>>> print(open('start_17.txt').read())   # compact mmCIF, N, CA and C atoms
# COMPACT_ATOMS: atom_id res chain seq x y z
N MET A 1 152.28 135.13 103.29
CA MET A 1 151.09 135.31 104.10
C MET A 1 149.88 134.64 103.44
N ALA A 2 149.77 134.79 102.11
CA ALA A 2 148.62 134.24 101.39
C ALA A 2 148.67 132.72 101.39
N GLY A 3 149.86 132.13 101.47
CA GLY A 3 149.98 130.68 101.45
C GLY A 3 149.61 130.03 102.77
N SER A 4 149.87 130.71 103.91
CA SER A 4 149.63 130.09 105.21
C SER A 4 148.17 130.19 105.64
N THR A 5 147.50 131.31 105.35
CA THR A 5 146.10 131.46 105.73
C THR A 5 145.27 131.69 104.48
N PRO A 6 144.00 131.27 104.50
CA PRO A 6 143.18 131.49 103.32
C PRO A 6 142.94 132.98 103.10
N ALA A 7 143.10 133.43 101.90
CA ALA A 7 142.97 134.85 101.61
C ALA A 7 141.64 135.12 100.94
N CYS A 8 141.12 136.31 101.16
CA CYS A 8 139.90 136.71 100.50
C CYS A 8 140.27 137.45 99.21
N ALA A 9 139.31 138.14 98.64
CA ALA A 9 139.56 138.85 97.39
C ALA A 9 140.56 139.99 97.58
N HIS A 10 140.76 140.43 98.82
CA HIS A 10 141.66 141.54 99.11
C HIS A 10 143.09 141.06 99.38
N ASP A 11 143.38 139.78 99.12
CA ASP A 11 144.69 139.14 99.24
C ASP A 11 145.26 139.08 100.65
N THR A 12 146.03 140.08 101.07
CA THR A 12 146.85 139.92 102.28
C THR A 12 146.05 139.97 103.57
N ILE A 13 144.97 140.74 103.67
CA ILE A 13 144.23 140.89 104.93
C ILE A 13 143.02 139.97 104.90
N LEU A 14 142.84 139.20 105.96
CA LEU A 14 141.69 138.32 106.08
C LEU A 14 140.61 139.05 106.88
N HIS A 15 139.55 139.47 106.20
CA HIS A 15 138.48 140.24 106.85
C HIS A 15 137.65 139.34 107.75
N LYS A 16 136.90 139.98 108.67
CA LYS A 16 136.09 139.24 109.64
C LYS A 16 135.05 138.35 108.95
N GLY A 17 134.36 138.89 107.96
CA GLY A 17 133.33 138.12 107.25
C GLY A 17 133.92 136.93 106.53
N CYS A 18 135.07 137.13 105.90
CA CYS A 18 135.74 136.05 105.18
C CYS A 18 136.26 135.00 106.14
N LYS A 19 136.73 135.45 107.32
CA LYS A 19 137.26 134.54 108.33
C LYS A 19 136.14 133.63 108.85
N ASP A 20 134.97 134.22 109.13
CA ASP A 20 133.82 133.44 109.60
C ASP A 20 133.40 132.42 108.56
N LEU A 21 133.39 132.84 107.32
CA LEU A 21 133.01 131.95 106.22
C LEU A 21 133.99 130.78 106.11
N PHE A 22 135.30 131.09 106.26
CA PHE A 22 136.32 130.05 106.19
C PHE A 22 136.17 129.05 107.33
N LEU A 23 135.91 129.55 108.56
CA LEU A 23 135.76 128.66 109.71
C LEU A 23 134.54 127.77 109.56
N ALA A 24 133.45 128.34 109.06
CA ALA A 24 132.23 127.56 108.86
C ALA A 24 132.43 126.48 107.81
N SER A 25 133.11 126.82 106.72
CA SER A 25 133.32 125.84 105.65
C SER A 25 134.28 124.74 106.10
N SER A 26 135.30 125.07 106.89
CA SER A 26 136.23 124.04 107.36
C SER A 26 135.55 123.11 108.35
N ALA A 27 134.65 123.65 109.19
CA ALA A 27 133.91 122.82 110.13
C ALA A 27 132.99 121.87 109.37
N LEU A 28 132.39 122.35 108.29
CA LEU A 28 131.50 121.53 107.47
C LEU A 28 132.28 120.41 106.80
N ILE A 29 133.45 120.70 106.32
CA ILE A 29 134.29 119.69 105.67
C ILE A 29 134.69 118.62 106.68
N ASN A 30 135.02 119.02 107.91
CA ASN A 30 135.43 118.08 108.94
C ASN A 30 134.29 117.13 109.31
N THR A 31 133.04 117.64 109.37
CA THR A 31 131.92 116.77 109.73
C THR A 31 131.59 115.81 108.61
N GLN A 32 131.80 116.20 107.36
CA GLN A 32 131.47 115.33 106.25
C GLN A 32 132.48 114.21 106.08
N THR A 33 133.72 114.44 106.45
CA THR A 33 134.75 113.42 106.25
C THR A 33 134.75 112.38 107.37
N ALA A 34 134.12 112.69 108.51
CA ALA A 34 134.09 111.73 109.62
C ALA A 34 133.27 110.51 109.21
N ALA A 35 133.68 109.33 109.68
CA ALA A 35 132.99 108.09 109.34
C ALA A 35 131.62 108.06 110.01
N PRO A 36 130.56 107.69 109.26
CA PRO A 36 129.23 107.67 109.86
C PRO A 36 129.12 106.51 110.84
N SER A 37 128.82 106.84 112.09
CA SER A 37 128.68 105.80 113.10
C SER A 37 127.21 105.70 113.48
N PHE A 38 126.54 104.65 112.97
CA PHE A 38 125.15 104.45 113.32
C PHE A 38 124.97 103.03 113.85
N LYS A 39 124.00 102.88 114.72
CA LYS A 39 123.71 101.57 115.29
C LYS A 39 122.27 101.24 114.94
N PRO A 40 122.03 100.34 113.99
CA PRO A 40 120.65 100.06 113.61
C PRO A 40 119.89 99.33 114.71
N VAL A 41 118.59 99.59 114.77
CA VAL A 41 117.73 98.88 115.71
C VAL A 41 117.51 97.48 115.16
N ASN A 42 117.86 96.48 115.93
CA ASN A 42 117.78 95.09 115.49
C ASN A 42 116.68 94.37 116.26
N VAL A 43 115.70 93.81 115.53
CA VAL A 43 114.58 93.12 116.15
C VAL A 43 114.57 91.67 115.66
N PRO A 44 114.45 90.68 116.56
CA PRO A 44 114.41 89.29 116.13
C PRO A 44 113.14 88.98 115.33
N LYS A 45 113.20 87.95 114.47
CA LYS A 45 112.08 87.61 113.60
C LYS A 45 110.95 86.89 114.34
N SER A 46 111.22 86.40 115.52
CA SER A 46 110.16 85.79 116.34
C SER A 46 110.29 86.28 117.77
N ARG A 47 109.14 86.41 118.43
CA ARG A 47 109.11 86.96 119.79
C ARG A 47 108.00 86.27 120.57
N LYS A 48 108.27 85.95 121.82
CA LYS A 48 107.25 85.35 122.67
C LYS A 48 106.55 86.47 123.42
N THR A 49 105.24 86.63 123.16
CA THR A 49 104.48 87.70 123.80
C THR A 49 103.02 87.25 123.97
N PHE A 50 102.24 88.04 124.69
CA PHE A 50 100.86 87.67 125.00
C PHE A 50 99.97 87.76 123.77
N CYS A 51 99.13 86.73 123.58
CA CYS A 51 98.19 86.70 122.47
C CYS A 51 96.78 86.92 123.00
N LYS A 52 96.06 87.92 122.46
CA LYS A 52 94.71 88.23 122.92
C LYS A 52 93.63 87.47 122.15
N GLY A 53 94.05 86.57 121.24
CA GLY A 53 93.09 85.80 120.44
C GLY A 53 92.15 84.97 121.30
N LYS A 54 90.97 84.62 120.75
CA LYS A 54 89.96 83.88 121.51
C LYS A 54 90.46 82.50 121.92
N LYS A 55 91.30 81.89 121.08
CA LYS A 55 91.78 80.54 121.37
C LYS A 55 92.91 80.54 122.40
N CYS A 56 93.81 81.51 122.31
CA CYS A 56 95.05 81.46 123.12
C CYS A 56 94.89 82.06 124.52
N LYS A 57 94.81 83.38 124.58
CA LYS A 57 94.79 84.14 125.85
C LYS A 57 95.96 83.77 126.76
N LYS A 58 97.16 83.61 126.16
CA LYS A 58 98.37 83.29 126.91
C LYS A 58 99.58 83.76 126.11
N HIS A 59 100.77 83.60 126.68
CA HIS A 59 102.00 83.96 125.97
C HIS A 59 102.32 82.86 124.95
N THR A 60 102.46 83.27 123.69
CA THR A 60 102.81 82.33 122.63
C THR A 60 103.88 82.96 121.76
N LEU A 61 104.42 82.15 120.85
CA LEU A 61 105.43 82.64 119.92
C LEU A 61 104.75 83.41 118.79
N HIS A 62 105.26 84.60 118.46
CA HIS A 62 104.71 85.43 117.40
C HIS A 62 105.75 85.64 116.31
N LYS A 63 105.31 85.65 115.07
CA LYS A 63 106.18 85.95 113.93
C LYS A 63 106.17 87.46 113.74
N VAL A 64 107.35 88.08 113.62
CA VAL A 64 107.45 89.54 113.54
C VAL A 64 107.78 89.96 112.11
N THR A 65 106.99 90.90 111.58
CA THR A 65 107.28 91.52 110.28
C THR A 65 107.12 93.02 110.43
N GLN A 66 107.62 93.77 109.47
CA GLN A 66 107.48 95.23 109.51
C GLN A 66 106.23 95.63 108.76
N TYR A 67 105.41 96.48 109.38
CA TYR A 67 104.17 96.95 108.77
C TYR A 67 104.46 97.86 107.60
N LYS A 68 103.76 97.65 106.50
CA LYS A 68 103.88 98.53 105.34
C LYS A 68 102.49 99.04 104.98
N THR A 69 102.41 100.31 104.61
CA THR A 69 101.13 100.90 104.23
C THR A 69 100.66 100.30 102.92
N GLY A 70 99.39 99.95 102.86
CA GLY A 70 98.82 99.37 101.65
C GLY A 70 98.57 100.44 100.59
N LYS A 71 98.17 99.98 99.41
CA LYS A 71 97.90 100.89 98.30
C LYS A 71 96.66 101.73 98.63
N ALA A 72 96.75 103.04 98.39
CA ALA A 72 95.63 103.93 98.69
C ALA A 72 94.48 103.66 97.73
N SER A 73 93.26 103.60 98.28
CA SER A 73 92.07 103.32 97.48
C SER A 73 91.60 104.58 96.77
N LEU A 74 91.13 104.42 95.54
CA LEU A 74 90.59 105.56 94.79
C LEU A 74 89.18 105.91 95.26
N TYR A 75 88.56 105.01 96.01
CA TYR A 75 87.16 105.20 96.40
C TYR A 75 86.99 105.63 97.85
N ALA A 76 88.09 105.93 98.54
CA ALA A 76 87.98 106.45 99.91
C ALA A 76 87.39 107.85 99.85
N GLN A 77 86.64 108.22 100.90
CA GLN A 77 85.91 109.49 100.88
C GLN A 77 86.84 110.69 100.68
N GLY A 78 87.98 110.71 101.34
CA GLY A 78 88.91 111.83 101.21
C GLY A 78 89.44 111.96 99.80
N LYS A 79 89.76 110.84 99.16
CA LYS A 79 90.29 110.85 97.79
C LYS A 79 89.21 111.31 96.81
N ARG A 80 87.97 110.86 97.01
CA ARG A 80 86.86 111.28 96.13
C ARG A 80 86.62 112.78 96.25
N ARG A 81 86.67 113.29 97.49
CA ARG A 81 86.46 114.71 97.73
C ARG A 81 87.58 115.53 97.09
N TYR A 82 88.83 115.08 97.25
CA TYR A 82 89.99 115.77 96.70
C TYR A 82 89.92 115.80 95.17
N ASP A 83 89.60 114.67 94.55
CA ASP A 83 89.51 114.61 93.08
C ASP A 83 88.41 115.52 92.55
N ARG A 84 87.29 115.57 93.27
CA ARG A 84 86.16 116.44 92.86
C ARG A 84 86.58 117.92 92.94
N LYS A 85 87.31 118.28 93.99
CA LYS A 85 87.74 119.67 94.18
C LYS A 85 88.79 120.05 93.14
N GLN A 86 89.66 119.10 92.76
CA GLN A 86 90.73 119.36 91.80
C GLN A 86 90.23 119.46 90.36
N SER A 87 89.11 118.82 90.08
CA SER A 87 88.63 118.76 88.69
C SER A 87 88.24 120.15 88.16
N GLY A 88 88.37 120.31 86.87
CA GLY A 88 88.02 121.58 86.23
C GLY A 88 89.15 122.58 86.27
N PHE A 89 88.80 123.83 86.04
CA PHE A 89 89.80 124.89 86.03
C PHE A 89 90.06 125.39 87.44
N GLY A 90 91.19 126.04 87.64
CA GLY A 90 91.48 126.63 88.95
C GLY A 90 92.79 126.16 89.53
N GLY A 91 93.48 125.24 88.89
CA GLY A 91 94.80 124.83 89.36
C GLY A 91 94.76 124.01 90.64
N GLN A 92 95.86 124.04 91.35
CA GLN A 92 95.98 123.28 92.60
C GLN A 92 95.14 123.95 93.67
N THR A 93 94.21 123.19 94.28
CA THR A 93 93.27 123.78 95.23
C THR A 93 93.69 123.59 96.69
N LYS A 94 94.46 122.56 96.97
CA LYS A 94 94.89 122.33 98.35
C LYS A 94 96.40 122.44 98.45
N VAL A 95 96.89 122.73 99.64
CA VAL A 95 98.32 122.93 99.82
C VAL A 95 99.06 121.60 99.67
N ILE A 96 100.27 121.66 99.10
CA ILE A 96 101.14 120.49 99.00
C ILE A 96 102.23 120.68 100.04
N PHE A 97 102.34 119.73 100.97
CA PHE A 97 103.28 119.83 102.09
C PHE A 97 104.71 119.70 101.59
N ARG A 98 105.55 120.71 101.89
CA ARG A 98 106.94 120.69 101.43
C ARG A 98 107.97 120.85 102.53
N LYS A 99 107.55 121.24 103.73
CA LYS A 99 108.52 121.53 104.81
C LYS A 99 108.70 120.31 105.71
N LYS A 100 109.25 119.24 105.18
CA LYS A 100 109.45 118.01 105.95
C LYS A 100 110.57 118.25 106.96
N ALA A 101 110.25 118.08 108.24
CA ALA A 101 111.23 118.36 109.29
C ALA A 101 111.84 117.09 109.87
N LYS A 102 111.04 116.05 110.00
CA LYS A 102 111.53 114.84 110.64
C LYS A 102 112.27 113.95 109.64
N ILE A 103 113.37 113.37 110.09
CA ILE A 103 114.17 112.52 109.21
C ILE A 103 114.01 111.05 109.58
N THR A 104 113.20 110.77 110.61
CA THR A 104 112.99 109.38 111.03
C THR A 104 111.50 109.07 110.96
N ARG A 105 111.20 107.78 111.04
CA ARG A 105 109.80 107.36 111.09
C ARG A 105 109.62 106.45 112.28
N LYS A 106 108.38 106.42 112.80
CA LYS A 106 108.08 105.49 113.87
C LYS A 106 107.91 104.11 113.23
N ILE A 107 108.63 103.13 113.73
CA ILE A 107 108.58 101.78 113.18
C ILE A 107 107.39 101.04 113.80
N VAL A 108 106.60 100.37 112.96
CA VAL A 108 105.47 99.59 113.44
C VAL A 108 105.74 98.12 113.12
N LEU A 109 105.69 97.28 114.14
CA LEU A 109 105.88 95.84 113.97
C LEU A 109 104.53 95.15 113.88
N ARG A 110 104.44 94.14 113.02
CA ARG A 110 103.21 93.36 112.88
C ARG A 110 103.50 91.98 113.46
N LEU A 111 102.82 91.66 114.56
CA LEU A 111 103.04 90.40 115.26
C LEU A 111 101.91 89.43 114.93
N GLU A 112 102.26 88.22 114.47
CA GLU A 112 101.25 87.22 114.14
C GLU A 112 101.47 85.98 114.98
N CYS A 113 100.44 85.56 115.72
CA CYS A 113 100.53 84.38 116.58
C CYS A 113 100.70 83.14 115.71
N THR A 114 101.64 82.28 116.09
CA THR A 114 101.88 81.07 115.30
C THR A 114 100.81 80.01 115.54
N GLU A 115 100.07 80.11 116.65
CA GLU A 115 99.04 79.11 116.97
C GLU A 115 97.67 79.46 116.39
N CYS A 116 97.19 80.68 116.63
CA CYS A 116 95.83 81.03 116.20
C CYS A 116 95.79 82.07 115.07
N LYS A 117 96.94 82.51 114.59
CA LYS A 117 97.07 83.49 113.49
C LYS A 117 96.49 84.87 113.83
N TYR A 118 96.28 85.16 115.13
CA TYR A 118 95.82 86.49 115.56
C TYR A 118 96.94 87.49 115.31
N ARG A 119 96.59 88.63 114.73
CA ARG A 119 97.60 89.65 114.42
C ARG A 119 97.39 90.89 115.26
N LYS A 120 98.52 91.49 115.68
CA LYS A 120 98.45 92.78 116.37
C LYS A 120 99.64 93.62 115.94
N GLN A 121 99.50 94.91 116.12
CA GLN A 121 100.57 95.84 115.73
C GLN A 121 101.18 96.45 116.96
N LEU A 122 102.50 96.67 116.89
CA LEU A 122 103.23 97.23 118.02
C LEU A 122 104.15 98.32 117.49
N ALA A 123 103.91 99.56 117.91
CA ALA A 123 104.74 100.68 117.48
C ALA A 123 105.94 100.79 118.40
N ILE A 124 107.13 100.93 117.80
CA ILE A 124 108.34 101.17 118.60
C ILE A 124 108.82 102.58 118.32
N LYS A 125 109.89 102.99 118.99
CA LYS A 125 110.35 104.38 118.89
C LYS A 125 110.90 104.72 117.51
N ARG A 126 111.15 105.99 117.32
CA ARG A 126 111.72 106.47 116.06
C ARG A 126 113.17 106.02 115.91
N CYS A 127 113.56 105.67 114.69
CA CYS A 127 114.95 105.34 114.44
C CYS A 127 115.26 105.57 112.96
N LYS A 128 116.54 105.84 112.68
CA LYS A 128 116.95 106.06 111.31
C LYS A 128 117.14 104.75 110.57
N HIS A 129 117.76 103.78 111.24
CA HIS A 129 118.07 102.50 110.60
C HIS A 129 117.39 101.38 111.39
N PHE A 130 116.70 100.51 110.67
CA PHE A 130 115.97 99.41 111.29
C PHE A 130 116.27 98.13 110.54
N GLU A 131 116.56 97.04 111.28
CA GLU A 131 116.76 95.76 110.61
C GLU A 131 116.02 94.67 111.37
N LEU A 132 115.51 93.72 110.62
CA LEU A 132 114.72 92.63 111.18
C LEU A 132 115.52 91.34 111.08
N GLY A 133 115.80 90.73 112.22
CA GLY A 133 116.50 89.45 112.23
C GLY A 133 117.97 89.53 111.89
N GLY A 134 118.63 90.61 112.27
CA GLY A 134 120.06 90.74 112.05
C GLY A 134 120.85 89.92 113.05
N GLU A 135 122.17 89.95 112.94
CA GLU A 135 123.02 89.18 113.85
C GLU A 135 122.96 89.77 115.26
N LYS A 136 122.89 88.86 116.23
CA LYS A 136 122.88 89.30 117.63
C LYS A 136 124.28 89.61 118.09
N LYS A 137 124.40 90.57 119.02
CA LYS A 137 125.69 90.89 119.62
C LYS A 137 125.99 89.87 120.71
N ARG A 138 127.22 89.42 120.77
CA ARG A 138 127.62 88.47 121.81
C ARG A 138 128.76 89.08 122.63
N LYS A 139 128.65 88.95 123.93
CA LYS A 139 129.68 89.51 124.81
C LYS A 139 130.90 88.60 124.82
N GLY A 140 132.06 89.19 124.85
CA GLY A 140 133.30 88.44 124.99
C GLY A 140 133.76 87.73 123.73
N GLN A 141 133.18 88.06 122.57
CA GLN A 141 133.58 87.44 121.33
C GLN A 141 134.72 88.23 120.71
N MET A 142 135.64 87.50 120.04
CA MET A 142 136.72 88.18 119.33
C MET A 142 136.20 88.76 118.03
N ILE A 143 136.76 89.88 117.63
CA ILE A 143 136.37 90.51 116.37
C ILE A 143 137.14 89.82 115.25
N MET A 144 136.43 89.25 114.30
CA MET A 144 137.05 88.56 113.18
C MET A 144 137.09 89.48 111.97
N PHE A 145 138.24 89.50 111.27
CA PHE A 145 138.37 90.34 110.08
C PHE A 145 138.40 89.49 108.84
>>> encode(input="start_17.txt", output="structure tokens")
Amino acid sequence: MAGSTPACAHDTILHKGCKDLFLASSALINTQTAAPSFKPVNVPKSRKTFCKGKKCKKHTLHKVTQYKTGKASLYAQGKRRYDRKQSGFGGQTKVIFRKKAKITRKIVLRLECTECKYRKQLAIKRCKHFELGGEKKRKGQMIMF
């Protein structure tokens, strides 16, 4: 009996609590062993879109890059205020955020006109995996190994 079903500390009888625990752990093991199937968002490195620059005002080719946040300035008002409040005795004065719930970020694309160098930003939806200029999918192609 002990060999066919998982036994708890009481050996021969599988109690309700132990049974629930076993089912939960086996379900967890099954989800972890499954192959991760994700489809990254693929954006081409150049895109033809409308340019609002003074010279263009028409659809032109834009170079696409991913927006990255710049280095935070030490002289911004919020940083100066925070440093002033933190200085001296009294420990940590403001809350430190620890309950991160979202696992994705909104992707922001930076589009630069190739003719007039006008730049604009375009936010796209949330995604876990993002790639810029990856291989395009083609219909009716054979899968090569």
>>> closest_residue(input="start_17.txt", among="A:Gln66, A:Ser73, A:Thr93, A:Thr49", to="Phe130 of chain A", atoms="only C-alpha atoms")
A:Gln66
>>> atom_distance(input="start_17.txt", atom1="atom C of Val43 of chain A", atom2="atom N of Lys55 of chain A")
25.8 Å
>>> residues_around(input="start_17.txt", residues="Cys127 of chain A", least_positions_apart="2", cutoff="8 Å", atoms="only N, CA and C atoms", output="list in words")
Pro40, Val41, Ile103, Thr104, Arg105, Lys106, Ile107, Ile124, Lys125, His129 and Phe130 of chain A
>>> closest_residue(input="start_17.txt", among="A:Leu132, A:Ala72, A:Ala101, A:Val108", to="Lys120 of chain A", atoms="only C-alpha atoms")
A:Val108
>>> select_by_dssp(input="start_17.txt", residues="segment 27-101 of chain A", states="strand (DSSP E or B)", output="ChimeraX atom specification")
/A:41-43,46-51,58-66
>>> atom_distance(input="start_17.txt", atom1="atom CA of Cys116 of chain A", atom2="atom C of Lys58 of chain A")
10.9 Å
>>> atom_distance(input="start_17.txt", atom1="atom C of Lys128 of chain A", atom2="atom C of Tyr67 of chain A")
14.7 Å
>>> residues_around(input="start_17.txt", residues="Lys63 of chain A", least_positions_apart="6", cutoff="7 Å", atoms="only C-alpha atoms", output="count of residues only")
7
>>> select_by_dssp(input="start_17.txt", residues="segment 46-102 of chain A", states="helix (DSSP H, G or I)", output="mmCIF file with N, CA and C atoms, in the frame of the given file")
data_model
loop_
_atom_site.group_PDB
_atom_site.id
_atom_site.type_symbol
_atom_site.label_atom_id
_atom_site.label_comp_id
_atom_site.auth_asym_id
_atom_site.auth_seq_id
_atom_site.Cartn_x
_atom_site.Cartn_y
_atom_site.Cartn_z
ATOM 1 N N GLN A 77 86.640 108.220 100.900
ATOM 2 C CA GLN A 77 85.910 109.490 100.880
ATOM 3 C C GLN A 77 86.840 110.690 100.680
ATOM 4 N N GLY A 78 87.980 110.710 101.340
ATOM 5 C CA GLY A 78 88.910 111.830 101.210
ATOM 6 C C GLY A 78 89.440 111.960 99.800
ATOM 7 N N LYS A 79 89.760 110.840 99.160
ATOM 8 C CA LYS A 79 90.290 110.850 97.790
ATOM 9 C C LYS A 79 89.210 111.310 96.810
ATOM 10 N N ARG A 80 87.970 110.860 97.010
ATOM 11 C CA ARG A 80 86.860 111.280 96.130
ATOM 12 C C ARG A 80 86.620 112.780 96.250
ATOM 13 N N ARG A 81 86.670 113.290 97.490
ATOM 14 C CA ARG A 81 86.460 114.710 97.730
ATOM 15 C C ARG A 81 87.580 115.530 97.090
ATOM 16 N N TYR A 82 88.830 115.080 97.250
ATOM 17 C CA TYR A 82 89.990 115.770 96.700
ATOM 18 C C TYR A 82 89.920 115.800 95.170
ATOM 19 N N ASP A 83 89.600 114.670 94.550
ATOM 20 C CA ASP A 83 89.510 114.610 93.080
ATOM 21 C C ASP A 83 88.410 115.520 92.550
ATOM 22 N N ARG A 84 87.290 115.570 93.270
ATOM 23 C CA ARG A 84 86.160 116.440 92.860
ATOM 24 C C ARG A 84 86.580 117.920 92.940
ATOM 25 N N LYS A 85 87.310 118.280 93.990
ATOM 26 C CA LYS A 85 87.740 119.670 94.180
ATOM 27 C C LYS A 85 88.790 120.050 93.140
ATOM 28 N N GLN A 86 89.660 119.100 92.760
ATOM 29 C CA GLN A 86 90.730 119.360 91.800
ATOM 30 C C GLN A 86 90.230 119.460 90.360
#
>>> decode(input="start_17.txt", residues="segment 37-52 of chain A", atoms="N, CA, C and O atoms", output="mmCIF file, in the first residue's frame")
data_model
loop_
_atom_site.group_PDB
_atom_site.id
_atom_site.type_symbol
_atom_site.label_atom_id
_atom_site.label_comp_id
_atom_site.auth_asym_id
_atom_site.auth_seq_id
_atom_site.Cartn_x
_atom_site.Cartn_y
_atom_site.Cartn_z
ATOM 1 N N SER A 37 6.406 27.869 -23.500
ATOM 2 C CA SER A 37 6.038 28.281 -24.854
ATOM 3 C C SER A 37 5.715 29.767 -24.817
ATOM 4 O O SER A 37 4.686 30.173 -24.312
ATOM 5 N N PHE A 38 6.652 30.588 -25.323
ATOM 6 C CA PHE A 38 6.408 32.010 -25.385
ATOM 7 C C PHE A 38 6.646 32.497 -26.805
ATOM 8 O O PHE A 38 7.434 31.939 -27.549
ATOM 9 N N LYS A 39 5.929 33.541 -27.165
ATOM 10 C CA LYS A 39 6.071 34.118 -28.487
ATOM 11 C C LYS A 39 6.489 35.573 -28.303
ATOM 12 O O LYS A 39 5.674 36.396 -27.896
ATOM 13 N N PRO A 40 7.761 35.904 -28.553
ATOM 14 C CA PRO A 40 8.189 37.281 -28.326
ATOM 15 C C PRO A 40 7.569 38.250 -29.327
ATOM 16 O O PRO A 40 7.292 37.886 -30.470
ATOM 17 N N VAL A 41 7.353 39.479 -28.870
ATOM 18 C CA VAL A 41 6.851 40.525 -29.752
ATOM 19 C C VAL A 41 8.015 40.965 -30.628
ATOM 20 O O VAL A 41 9.062 41.358 -30.123
ATOM 21 N N ASN A 42 7.846 40.877 -31.929
ATOM 22 C CA ASN A 42 8.911 41.183 -32.876
ATOM 23 C C ASN A 42 8.566 42.462 -33.636
ATOM 24 O O ASN A 42 7.519 42.545 -34.262
ATOM 25 N N VAL A 43 9.448 43.473 -33.558
ATOM 26 C CA VAL A 43 9.218 44.749 -34.215
ATOM 27 C C VAL A 43 10.353 44.997 -35.203
ATOM 28 O O VAL A 43 11.520 44.840 -34.845
ATOM 29 N N PRO A 44 10.052 45.373 -36.457
ATOM 30 C CA PRO A 44 11.118 45.650 -37.418
ATOM 31 C C PRO A 44 11.929 46.891 -37.034
ATOM 32 O O PRO A 44 11.421 47.781 -36.350
ATOM 33 N N LYS A 45 13.184 46.964 -37.502
ATOM 34 C CA LYS A 45 14.071 48.064 -37.134
ATOM 35 C C LYS A 45 13.751 49.357 -37.872
ATOM 36 O O LYS A 45 14.220 50.425 -37.477
ATOM 37 N N SER A 46 12.971 49.281 -38.926
ATOM 38 C CA SER A 46 12.533 50.499 -39.622
ATOM 39 C C SER A 46 11.049 50.383 -39.932
ATOM 40 O O SER A 46 10.539 49.294 -40.170
ATOM 41 N N ARG A 47 10.374 51.532 -39.911
ATOM 42 C CA ARG A 47 8.926 51.555 -40.100
ATOM 43 C C ARG A 47 8.543 52.841 -40.834
ATOM 44 O O ARG A 47 9.098 53.913 -40.537
ATOM 45 N N LYS A 48 7.627 52.728 -41.777
ATOM 46 C CA LYS A 48 7.150 53.905 -42.491
ATOM 47 C C LYS A 48 5.927 54.433 -41.761
ATOM 48 O O LYS A 48 4.916 53.738 -41.657
ATOM 49 N N THR A 49 6.033 55.666 -41.229
ATOM 50 C CA THR A 49 4.932 56.256 -40.478
ATOM 51 C C THR A 49 4.960 57.776 -40.641
ATOM 52 O O THR A 49 5.928 58.328 -41.170
ATOM 53 N N PHE A 50 3.925 58.442 -40.161
ATOM 54 C CA PHE A 50 3.793 59.890 -40.351
ATOM 55 C C PHE A 50 4.796 60.647 -39.490
ATOM 56 O O PHE A 50 4.977 60.363 -38.314
ATOM 57 N N CYS A 51 5.442 61.660 -40.099
ATOM 58 C CA CYS A 51 6.400 62.499 -39.389
ATOM 59 C C CYS A 51 5.784 63.879 -39.177
ATOM 60 O O CYS A 51 5.360 64.521 -40.138
ATOM 61 N N LYS A 52 5.740 64.346 -37.911
ATOM 62 C CA LYS A 52 5.146 65.643 -37.595
ATOM 63 C C LYS A 52 6.163 66.786 -37.649
ATOM 64 O O LYS A 52 5.851 67.916 -37.292
#
